[in-house]
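Asker: Okay, handing you the structure first.
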Amino acid sequence: MKTKVAVVQATPALFDKNRTLNIVADWTKKVAQEGAQLVLFPEAFIPCYPRGLSFGAVVGSRKAEGREHWLKYNSESVVVPSTDTERLAQIAKEHQVYLIIGIIEKDQTSSLYCTMLYFSPDGKLMGKHRKLKPTGSERIIWGEGDGSDLHVFDTPFGKLGGLICWENYMPLARFALYQQNIQIYLAPTADHRESWTASMQHIACEGRCFVLGCNQYVEKSDYPEAFQAEITDQPDIMSKGGSVIVDPLGNIIAGPLWDQEGILFADIDVEDTVRGKLDFDATGHYNRPDVFEFRVKT
C-alpha cells in the first residue's frame, strides 16, 4: 500500500514564532488537501535558522549588540511542551497528518537546542530529537543533544525517524537508526549545497530507506530590519533550498527544488525498503558483528 508524503520548502517569519505557526498551519492545510499523510518542515523552522549572524561572538569576546540578537532569538524559541507545541499538535490533528518540524527548543534555563518534533494525527507529541552536535558557529547558540532520543517511531505506513542537518554526516548516528530498521528517514537541514543531494542519495542507498530532505527558502529581505546591518554582504537568496525525496535505491523521485518555496510530494511503498535489502542490509546480512562492535549510550 502506497503512502503519500510531503516535504515543505517554505519561508518562516524569521524571529516571529506566532506568525511562523500560522505559516505552518497554512502549508499543512495545502499538503492535506493533496492527500498527504506525512509532512516534513525544515530544520529550525521556528523561529528560523539565523544564517549570516554572528551574535557578536568571536574567540575571547562578545558584543552587546550580539546579546540583543540572542535575546530576540531566545524569546521566540519554543518550550517543549507548551501552548506552542499544543498548537502544532492541533494542526496535525485538524489535518490528520504526521507533522514533523524543526524548531529551536528553549529549556528551563534558557539554553537553546536544535530540535526535531514529531506529532501524530491524533494530536499527540510523539517525541523529539535534539541535534547531537551543532556545526561550526552553531555551537555558540545551541547546546548538544545527549543521544537518548535516537528513536524510530512505528506508524501504520512504516518506521519513521531521522537526523538534523550535518548529524547526517555522522556514520554512527545513521547506524543507530539503521539498527532500528528505519524505513522513512527524515533529514531537515539548512545545507543548500548541491552536494547535499548526493548525501541524501547515499543515505537512501546505505540505509535502504526512503529519505526526505527538507530545507528552507529564505531571501535577505525576509530578515527583520534589526538584523539587516549584519547581512549586507550576504547574497539576495540566503537559502536556495534543495529539498528532495529519494527512494531506497538512491533514485530521486521528487525534486530537488531550488530558488523558490514549494511542496514536494511522493507516493511511497515501504515494501521497497525490503526489496532493496536483497543485496545490501547494513545491519543485517551485510553486517559483520564478529568484526565490529556497536552500541548507543542512551
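Lettering and numbering for the C-alpha cells are positional, with chains as A, B, ... in the shown order, residues counted from 1 in each chain, and ligands counted from 1 in the shown order.
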Which residues in stretch 137-182 of chain A does DSSP call helix (DSSP H, G or I)? List them as a list in words.
Answerer: Glu138, Arg139, Ile140, Ile141, Cys165, Trp166, Glu167, Asn168, Tyr169, Pro171, Leu172, Ala173, Arg174, Phe175, Ala176, Leu177 and Tyr178 of chain A
Asker: Can you spit out the residues from that selection as a PDB file, in the first residue's frame, using N, CA and C atoms?
Answerer:
```pdb
ATOM      1  N   GLU A 138      27.253  27.391  15.035  1.00  0.00           N
ATOM      2  CA  GLU A 138      26.021  26.992  15.729  1.00  0.00           C
ATOM      3  C   GLU A 138      26.303  26.631  17.188  1.00  0.00           C
ATOM      4  N   ARG A 139      27.535  26.221  17.475  1.00  0.00           N
ATOM      5  CA  ARG A 139      27.875  25.782  18.825  1.00  0.00           C
ATOM      6  C   ARG A 139      27.842  26.935  19.819  1.00  0.00           C
ATOM      7  N   ILE A 140      27.890  28.170  19.319  1.00  0.00           N
ATOM      8  CA  ILE A 140      27.784  29.327  20.206  1.00  0.00           C
ATOM      9  C   ILE A 140      26.359  29.470  20.744  1.00  0.00           C
ATOM     10  N   ILE A 141      25.378  29.132  19.909  1.00  0.00           N
ATOM     11  CA  ILE A 141      23.989  29.426  20.272  1.00  0.00           C
ATOM     12  C   ILE A 141      23.174  28.200  20.656  1.00  0.00           C
ATOM     13  N   CYS A 165      20.367  17.941   9.746  1.00  0.00           N
ATOM     14  CA  CYS A 165      21.464  18.583   9.015  1.00  0.00           C
ATOM     15  C   CYS A 165      22.735  17.734   9.078  1.00  0.00           C
ATOM     16  N   TRP A 166      23.851  18.301   9.560  1.00  0.00           N
ATOM     17  CA  TRP A 166      25.128  17.590   9.469  1.00  0.00           C
ATOM     18  C   TRP A 166      25.271  16.438  10.442  1.00  0.00           C
ATOM     19  N   GLU A 167      24.292  16.202  11.309  1.00  0.00           N
ATOM     20  CA  GLU A 167      24.249  14.916  12.012  1.00  0.00           C
ATOM     21  C   GLU A 167      24.247  13.778  11.002  1.00  0.00           C
ATOM     22  N   ASN A 168      23.688  14.042   9.835  1.00  0.00           N
ATOM     23  CA  ASN A 168      23.603  13.012   8.806  1.00  0.00           C
ATOM     24  C   ASN A 168      24.966  12.623   8.245  1.00  0.00           C
ATOM     25  N   TYR A 169      26.009  13.394   8.568  1.00  0.00           N
ATOM     26  CA  TYR A 169      27.369  13.025   8.208  1.00  0.00           C
ATOM     27  C   TYR A 169      28.045  12.205   9.293  1.00  0.00           C
ATOM     28  N   PRO A 171      28.466   8.825  10.760  1.00  0.00           N
ATOM     29  CA  PRO A 171      28.121   7.446  10.384  1.00  0.00           C
ATOM     30  C   PRO A 171      27.481   6.646  11.504  1.00  0.00           C
ATOM     31  N   LEU A 172      27.955   6.835  12.739  1.00  0.00           N
ATOM     32  CA  LEU A 172      27.416   6.031  13.835  1.00  0.00           C
ATOM     33  C   LEU A 172      26.005   6.464  14.199  1.00  0.00           C
ATOM     34  N   ALA A 173      25.702   7.751  14.052  1.00  0.00           N
ATOM     35  CA  ALA A 173      24.330   8.199  14.297  1.00  0.00           C
ATOM     36  C   ALA A 173      23.385   7.575  13.271  1.00  0.00           C
ATOM     37  N   ARG A 174      23.817   7.544  12.010  1.00  0.00           N
ATOM     38  CA  ARG A 174      22.994   6.891  10.989  1.00  0.00           C
ATOM     39  C   ARG A 174      22.803   5.413  11.318  1.00  0.00           C
ATOM     40  N   PHE A 175      23.889   4.762  11.725  1.00  0.00           N
ATOM     41  CA  PHE A 175      23.826   3.332  12.016  1.00  0.00           C
ATOM     42  C   PHE A 175      22.857   3.044  13.155  1.00  0.00           C
ATOM     43  N   ALA A 176      22.786   3.970  14.126  1.00  0.00           N
ATOM     44  CA  ALA A 176      21.849   3.793  15.238  1.00  0.00           C
ATOM     45  C   ALA A 176      20.408   3.728  14.732  1.00  0.00           C
ATOM     46  N   LEU A 177      20.107   4.473  13.665  1.00  0.00           N
ATOM     47  CA  LEU A 177      18.768   4.427  13.084  1.00  0.00           C
ATOM     48  C   LEU A 177      18.589   3.205  12.193  1.00  0.00           C
ATOM     49  N   TYR A 178      19.622   2.858  11.439  1.00  0.00           N
ATOM     50  CA  TYR A 178      19.528   1.663  10.595  1.00  0.00           C
ATOM     51  C   TYR A 178      19.254   0.426  11.437  1.00  0.00           C
TER      52      TYR A 178
END
```
Asker: Residues of stretch 90-171 of chain A within 12 Å of stretch 19-36 of chain A: nearest atom pair and distance (Å, one decimal) for each, counting only C-alpha atoms, sorted by chain and number, as a tab-separated table?
Answerer:
```
residue	atom	partner	partner_atom	distance
A:Gln90	CA	A:Ala25	CA	9.4
A:Ile91	CA	A:Ala25	CA	6.0
A:Ala92	CA	A:Thr28	CA	7.9
A:Lys93	CA	A:Thr28	CA	10.7
A:Glu94	CA	A:Lys29	CA	8.8
A:His95	CA	A:Ala32	CA	5.9
A:Gln96	CA	A:Ala32	CA	7.5
A:Val97	CA	A:Ala32	CA	7.2
A:Tyr98	CA	A:Ala36	CA	9.2
A:Leu99	CA	A:Thr28	CA	8.2
A:Ile100	CA	A:Thr28	CA	10.7
A:Ile101	CA	A:Val24	CA	9.1
A:Gly102	CA	A:Val24	CA	11.2
A:Ile103	CA	A:Thr20	CA	10.7
A:Pro121	CA	A:Ala32	CA	11.3
```
Asker: Generate the output file for the selected residues, C-alpha atoms, as a short mmCIF file (atom, residue, chain, number, x, y, z; two decimals), in the first residue's frame.
Answerer:
```cif
data_model
loop_
_atom_site.label_atom_id
_atom_site.label_comp_id
_atom_site.auth_asym_id
_atom_site.auth_seq_id
_atom_site.Cartn_x
_atom_site.Cartn_y
_atom_site.Cartn_z
CA GLN A 90 -3.72 20.67 16.88
CA ILE A 91 -2.56 21.41 13.34
CA ALA A 92 -1.57 17.77 12.91
CA LYS A 93 -4.90 16.60 14.31
CA GLU A 94 -7.01 19.02 12.27
CA HIS A 95 -5.42 17.86 9.03
CA GLN A 96 -4.91 14.21 10.04
CA VAL A 97 -1.21 14.10 9.23
CA TYR A 98 2.03 13.13 10.85
CA LEU A 99 3.73 16.51 11.21
CA ILE A 100 7.48 16.66 11.75
CA ILE A 101 9.15 20.04 12.14
CA GLY A 102 12.48 21.56 13.09
CA ILE A 103 12.36 24.07 15.95
CA PRO A 121 -2.65 12.65 13.51
#
```
Asker: I'd like the neighbourhood of stretch 283-291 of chain A as a short mmCIF file (atom, residue, chain, number, x, y, z; two decimals) with N, CA and C atoms, in the first residue's frame, where a residue qualifies if any of its atoms comes within 9 Å (using only C-alpha atoms), though same-chain residues fewer than 5 positions away should be ignored.
Answerer:
```cif
data_model
loop_
_atom_site.label_atom_id
_atom_site.label_comp_id
_atom_site.auth_asym_id
_atom_site.auth_seq_id
_atom_site.Cartn_x
_atom_site.Cartn_y
_atom_site.Cartn_z
N PHE A 175 23.89 4.76 11.73
CA PHE A 175 23.83 3.33 12.02
C PHE A 175 22.86 3.04 13.16
N TYR A 178 19.62 2.86 11.44
CA TYR A 178 19.53 1.66 10.59
C TYR A 178 19.25 0.43 11.44
N GLN A 179 19.87 0.37 12.63
CA GLN A 179 19.66 -0.78 13.51
C GLN A 179 18.21 -0.94 13.92
N GLN A 180 17.47 0.14 13.90
CA GLN A 180 16.05 0.11 14.26
C GLN A 180 15.15 -0.10 13.04
N ASN A 181 15.77 -0.48 11.93
CA ASN A 181 15.04 -0.79 10.70
C ASN A 181 14.24 0.41 10.19
N GLY A 207 21.09 2.97 3.81
CA GLY A 207 20.08 2.50 4.76
C GLY A 207 18.94 1.74 4.13
N LYS A 277 16.79 -4.63 0.25
CA LYS A 277 17.73 -5.36 1.10
C LYS A 277 18.08 -6.74 0.56
#
```
Asker: Give me every strand (DSSP E) residue in stretch 114-145 of chain A, going by DSSP on the backbone, as a PyMOL selection string.
Answerer: chain A and resi 114-119+125-130
Asker: Output C-alpha atoms of each residue in that selection to a file, as a short mmCIF file (atom, residue, chain, number, x, y, z; two decimals), in the first residue's frame.
Answerer:
```cif
data_model
loop_
_atom_site.label_atom_id
_atom_site.label_comp_id
_atom_site.auth_asym_id
_atom_site.auth_seq_id
_atom_site.Cartn_x
_atom_site.Cartn_y
_atom_site.Cartn_z
CA CYS A 114 18.17 22.50 17.58
CA THR A 115 15.31 20.00 17.83
CA MET A 116 13.00 17.96 15.63
CA LEU A 117 9.44 17.39 16.90
CA TYR A 118 7.12 14.54 15.86
CA PHE A 119 3.33 14.93 16.02
CA LEU A 125 3.55 14.92 20.60
CA MET A 126 5.14 11.54 19.83
CA GLY A 127 8.66 12.59 20.71
CA LYS A 128 11.58 14.82 19.89
CA HIS A 129 15.22 14.64 18.90
CA ARG A 130 17.91 17.17 19.82
#
```
Asker: Using only C-alpha atoms, which residue out of A:Val246, A:Met170, A:Val296, A:Leu163 lies closest to A:Cys205?
Answerer: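 Among the listed residues, the smallest separation from A:Cys205 belongs to A:Val246.
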Asker: Find the residues near stretch 4-15 of chain A: any atom within 6 Å, counting only C-alpha atoms, skip ones fewer than 5 places away on the same chain, and give them as a PyMOL selection string.
Answerer: chain A and resi 20+36-41+47-48+215-218+261-267
